[in-house]
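Structure file target_31.pdb; described as PDB, C-alpha atoms.
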ATOM      1  CA  MET A  45      43.422 -80.532  21.500
ATOM      2  CA  ALA A  46      44.550 -80.952  17.901
ATOM      3  CA  SER A  47      41.073 -81.857  16.743
ATOM      4  CA  ALA A  48      37.558 -81.325  17.986
ATOM      5  CA  LYS A  49      34.395 -83.272  17.224
ATOM      6  CA  LYS A  50      31.232 -81.470  16.369
ATOM      7  CA  ASP A  51      28.215 -82.987  14.629
ATOM      8  CA  GLY A  52      30.175 -86.187  13.999
ATOM      9  CA  LYS A  53      32.778 -84.385  11.864
ATOM     10  CA  LYS A  54      36.395 -84.044  12.814
ATOM     11  CA  LYS A  55      37.889 -80.553  12.612
ATOM     12  CA  SER A  56      41.617 -79.967  12.616
ATOM     13  CA  ARG A  57      43.371 -76.904  13.917
ATOM     14  CA  SER A  58      44.797 -74.555  11.330
ATOM     15  CA  ALA A  59      48.094 -74.433  13.238
ATOM     16  CA  PHE A  60      48.957 -77.922  11.991
ATOM     17  CA  LYS A  61      48.181 -77.336   8.303
ATOM     18  CA  VAL A  62      50.864 -76.915   5.681
ATOM     19  CA  VAL A  63      50.181 -73.540   4.036
ATOM     20  CA  THR A  64      52.019 -70.877   2.053
ATOM     21  CA  GLN A  65      51.173 -67.182   2.086
ATOM     22  CA  GLU A  66      52.745 -64.056   0.616
ATOM     23  CA  TYR A  67      52.909 -60.916   2.730
ATOM     24  CA  THR A  68      54.086 -57.374   2.072
ATOM     25  CA  MET A  69      56.008 -56.171   5.076
ATOM     26  CA  ASN A  70      56.549 -52.500   5.838
ATOM     27  CA  ILE A  71      60.065 -52.597   7.242
ATOM     28  CA  HIS A  72      60.363 -48.837   7.529
ATOM     29  CA  LYS A  73      58.044 -48.593  10.536
ATOM     30  CA  HIS A  74      59.922 -51.396  12.329
ATOM     31  CA  ILE A  75      63.366 -49.802  11.999
ATOM     32  CA  HIS A  76      62.376 -46.215  12.765
ATOM     33  CA  GLY A  77      64.719 -44.870  15.411
ATOM     34  CA  VAL A  78      67.214 -47.743  15.157
ATOM     35  CA  VAL A  79      70.903 -46.776  15.022
ATOM     36  CA  PHE A  80      72.273 -46.852  11.454
ATOM     37  CA  GLU A  81      74.923 -49.474  12.178
ATOM     38  CA  LYS A  82      72.318 -51.950  13.501
ATOM     39  CA  ARG A  83      69.555 -51.596  10.905
ATOM     40  CA  ALA A  84      70.164 -54.693   8.745
ATOM     41  CA  PRO A  85      70.533 -57.173  11.640
ATOM     42  CA  TRP A  86      67.529 -55.556  13.345
ATOM     43  CA  THR A  87      65.505 -55.978  10.146
ATOM     44  CA  VAL A  88      66.281 -59.694   9.949
ATOM     45  CA  ARG A  89      65.121 -60.130  13.552
ATOM     46  CA  GLU A  90      61.956 -58.118  12.833
ATOM     47  CA  ILE A  91      61.191 -60.360   9.852
ATOM     48  CA  GLN A  92      61.560 -63.364  12.159
ATOM     49  CA  LYS A  93      59.166 -61.803  14.692
ATOM     50  CA  PHE A  94      56.672 -61.004  11.917
ATOM     51  CA  ALA A  95      56.803 -64.577  10.599
ATOM     52  CA  MET A  96      56.344 -66.048  14.069
ATOM     53  CA  LYS A  97      53.361 -63.787  14.705
ATOM     54  CA  GLN A  98      51.676 -64.561  11.375
ATOM     55  CA  VAL A  99      52.260 -68.317  11.205
ATOM     56  CA  GLY A 100      52.623 -69.264  14.858
ATOM     57  CA  SER A 101      55.612 -71.593  14.871
ATOM     58  CA  PRO A 102      58.848 -70.706  16.698
ATOM     59  CA  ASP A 103      61.028 -72.923  14.471
ATOM     60  CA  MET A 104      62.055 -70.997  11.356
ATOM     61  CA  CYS A 105      64.537 -70.827   8.502
ATOM     62  CA  ILE A 106      65.436 -67.591   6.664
ATOM     63  CA  ASP A 107      66.346 -68.051   3.003
ATOM     64  CA  THR A 108      69.712 -66.670   1.847
ATOM     65  CA  ARG A 109      68.057 -64.673  -0.964
ATOM     66  CA  LEU A 110      65.965 -62.815   1.623
ATOM     67  CA  ASN A 111      69.071 -62.082   3.668
ATOM     68  CA  LYS A 112      70.865 -60.797   0.564
ATOM     69  CA  ALA A 113      67.873 -58.613  -0.354
ATOM     70  CA  VAL A 114      67.929 -57.005   3.098
ATOM     71  CA  TRP A 115      71.690 -56.478   3.036
ATOM     72  CA  ALA A 116      71.849 -55.446  -0.685
ATOM     73  CA  LYS A 117      72.429 -51.730  -0.030
ATOM     74  CA  GLY A 118      74.549 -52.207   3.073
ATOM     75  CA  ILE A 119      73.942 -52.158   6.792
ATOM     76  CA  ARG A 120      72.448 -48.651   6.898
ATOM     77  CA  THR A 121      70.137 -48.412   3.878
ATOM     78  CA  ILE A 122      67.311 -50.927   4.185
ATOM     79  CA  PRO A 123      64.432 -51.224   1.680
ATOM     80  CA  TYR A 124      61.226 -49.686   3.029
ATOM     81  CA  HIS A 125      59.030 -52.592   1.939
ATOM     82  CA  ILE A 126      59.684 -56.241   1.206
ATOM     83  CA  GLN A 127      57.507 -59.058  -0.149
ATOM     84  CA  VAL A 128      58.019 -62.340   1.731
ATOM     85  CA  ARG A 129      56.586 -65.826   1.294
ATOM     86  CA  LEU A 130      55.911 -67.705   4.534
ATOM     87  CA  SER A 131      55.694 -71.466   4.026
ATOM     88  CA  ARG A 132      54.716 -73.704   6.904
ATOM     89  CA  LYS A 133      56.326 -77.088   6.223
ATOM     90  CA  ARG A 134      56.586 -80.407   7.990
ATOM     91  CA  ASN A 135      59.718 -80.822  10.074
ATOM     92  CA  GLU A 136      61.805 -83.809   8.972
ATOM     93  CA  ASP A 137      64.097 -83.536  11.998
ATOM     94  CA  GLU A 138      63.050 -86.165  14.537
ATOM     95  CA  ASP A 139      64.790 -84.419  17.447
ATOM     96  CA  SER A 140      62.834 -81.186  17.028
ATOM     97  CA  PRO A 141      59.990 -80.536  19.488
ATOM     98  CA  ASN A 142      58.004 -78.743  16.753
ATOM     99  CA  LYS A 143      56.096 -80.642  14.075
ATOM    100  CA  LEU A 144      56.252 -77.756  11.615
ATOM    101  CA  TYR A 145      58.752 -75.056  10.701
ATOM    102  CA  ILE A 146      58.517 -71.789   8.771
ATOM    103  CA  LEU A 147      60.513 -71.172   5.603
ATOM    104  CA  VAL A 148      60.764 -67.425   4.922
ATOM    105  CA  THR A 149      61.713 -66.585   1.326
ATOM    106  CA  TYR A 150      62.060 -63.402  -0.701
ATOM    107  CA  VAL A 151      59.613 -62.575  -3.511
ATOM    108  CA  PRO A 152      60.927 -59.956  -5.959
ATOM    109  CA  VAL A 153      58.288 -57.451  -7.122
ATOM    110  CA  THR A 154      58.483 -54.368  -9.328
ATOM    111  CA  THR A 155      56.061 -52.228  -7.332
ATOM    112  CA  PHE A 156      54.372 -52.513  -3.937
ATOM    113  CA  LYS A 157      51.167 -50.722  -4.935
ATOM    114  CA  ASN A 158      47.903 -52.618  -4.313
ATOM    115  CA  LEU A 159      49.588 -55.812  -3.052
ATOM    116  CA  GLN A 160      47.442 -58.001  -0.808
ATOM    117  CA  THR A 161      48.146 -61.033   1.349
ATOM    118  CA  VAL A 162      47.757 -64.051  -0.943
ATOM    119  CA  ASN A 163      47.472 -67.778  -0.300
ATOM    120  CA  VAL A 164      49.863 -69.542  -2.668
ATOM    121  CA  ASP A 165      49.630 -73.031  -4.127
ATOM    122  CA  GLU A 166      52.757 -75.114  -3.525
ATOM    123  CA  ASN A 167      52.437 -76.703  -6.982
TER     124      ASN A 167
END
Since I need it in another form, could you write the structure as structure tokens?
Amino acid sequence: MASAKKDGKKKSRSAFKVVTQEYTMNIHKHIHGVVFEKRAPWTVREIQKFAMKQVGSPDMCIDTRLNKAVWAKGIRTIPYHIQVRLSRKRNEDEDSPNKLYILVTYVPVTTFKNLQTVNVDEN
């Protein structure tokens, strides 16, 4: 199922490729109606759900800088938008059932106007 033959060429599934993309996430719509004292932990879980939906791997690692950016103003006051980089990397752990994992990192930006989803070179 990982590859299919068509016209003598081998095609690989995109789920097994190592890629890096930058996304702008609107956190405000995900935490609307959440109790003030649960907003920061809820936001971290929503970022995990967003990453799993976009990249498609359940194994993930949240960078400490992203966690600090979410918690920077405290538990109640969360930034409305955040720029994240989702990197799908090969899993070095032999015991893991997943071949790839997601590394979610924070990308500092000055303004969120006209930002698009971008494929990033690892180099």
**OP:** Go through A:Arg129, A:Arg134, A:Arg120, A:Lys61 and flag the residue nearest A:Ile75, using all atoms listed in the file for the distances.
**Re:** A:Arg120
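Applied to the file shown here, the PyMOL selection byres ((chain A and resi 147) around 9) selects Met104, Cys105, Ile106, Asp107, Arg129, Leu130, Ser131, Arg132, Lys133, Tyr145, Ile146, Val148 and Thr149 of chain A.
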The PyMOL selection byres ((chain A and resi 101) around 10) on the file shown: which residues, as a tab-separated table (two decimals) with C-alpha atoms, keeping the file's coordinate frame?
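So expr31.tsv came out as:
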chain	number	residue	atom	x	y	z
A	59	ALA	CA	48.09	-74.43	13.24
A	60	PHE	CA	48.96	-77.92	11.99
A	95	ALA	CA	56.80	-64.58	10.60
A	96	MET	CA	56.34	-66.05	14.07
A	97	LYS	CA	53.36	-63.79	14.70
A	98	GLN	CA	51.68	-64.56	11.38
A	99	VAL	CA	52.26	-68.32	11.20
A	100	GLY	CA	52.62	-69.26	14.86
A	102	PRO	CA	58.85	-70.71	16.70
A	103	ASP	CA	61.03	-72.92	14.47
A	104	MET	CA	62.06	-71.00	11.36
A	132	ARG	CA	54.72	-73.70	6.90
A	142	ASN	CA	58.00	-78.74	16.75
A	143	LYS	CA	56.10	-80.64	14.08
A	144	LEU	CA	56.25	-77.76	11.62
A	145	TYR	CA	58.75	-75.06	10.70
A	146	ILE	CA	58.52	-71.79	8.77
Original post:
For the file shown, what are the residues hit by the PyMOL selection byres ((chain A and resi 87) around 10), laid out as a ChimeraX atom specification?
Top reply: /A:71-72,74-75,78,82-86,88-93,111,114-115,119,122-123
Residues from last step as file, C-alpha atoms, as a PDB file, in the frame of the given file:
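Output file out02.pdb follows:
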ATOM      1  CA  ILE A  71      60.065 -52.597   7.242  1.00  0.00           C
ATOM      2  CA  HIS A  72      60.363 -48.837   7.529  1.00  0.00           C
ATOM      3  CA  HIS A  74      59.922 -51.396  12.329  1.00  0.00           C
ATOM      4  CA  ILE A  75      63.366 -49.802  11.999  1.00  0.00           C
ATOM      5  CA  VAL A  78      67.214 -47.743  15.157  1.00  0.00           C
ATOM      6  CA  LYS A  82      72.318 -51.950  13.501  1.00  0.00           C
ATOM      7  CA  ARG A  83      69.555 -51.596  10.905  1.00  0.00           C
ATOM      8  CA  ALA A  84      70.164 -54.693   8.745  1.00  0.00           C
ATOM      9  CA  PRO A  85      70.533 -57.173  11.640  1.00  0.00           C
ATOM     10  CA  TRP A  86      67.529 -55.556  13.345  1.00  0.00           C
ATOM     11  CA  VAL A  88      66.281 -59.694   9.949  1.00  0.00           C
ATOM     12  CA  ARG A  89      65.121 -60.130  13.552  1.00  0.00           C
ATOM     13  CA  GLU A  90      61.956 -58.118  12.833  1.00  0.00           C
ATOM     14  CA  ILE A  91      61.191 -60.360   9.852  1.00  0.00           C
ATOM     15  CA  GLN A  92      61.560 -63.364  12.159  1.00  0.00           C
ATOM     16  CA  LYS A  93      59.166 -61.803  14.692  1.00  0.00           C
ATOM     17  CA  ASN A 111      69.071 -62.082   3.668  1.00  0.00           C
ATOM     18  CA  VAL A 114      67.929 -57.005   3.098  1.00  0.00           C
ATOM     19  CA  TRP A 115      71.690 -56.478   3.036  1.00  0.00           C
ATOM     20  CA  ILE A 119      73.942 -52.158   6.792  1.00  0.00           C
ATOM     21  CA  ILE A 122      67.311 -50.927   4.185  1.00  0.00           C
ATOM     22  CA  PRO A 123      64.432 -51.224   1.680  1.00  0.00           C
TER      23      PRO A 123
END
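With only C-alpha atoms as the atoms that count, the residue of A:Tyr150, A:Tyr124, A:Phe94, A:Phe80 with the shortest distance to A:Lys112 is A:Tyr150.
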Original post:
In Å to one decimal, how far is atom CA of A:Asp165 from atom CA of A:Asp137?
Top reply: 24.1 Å
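The space between atom CA of A:Asn158 and atom CA of A:Glu66 spans 13.4 Å.
Coordinates place atom CA of A:Asp139 at a distance of 24.1 Å from atom CA of A:Thr108.
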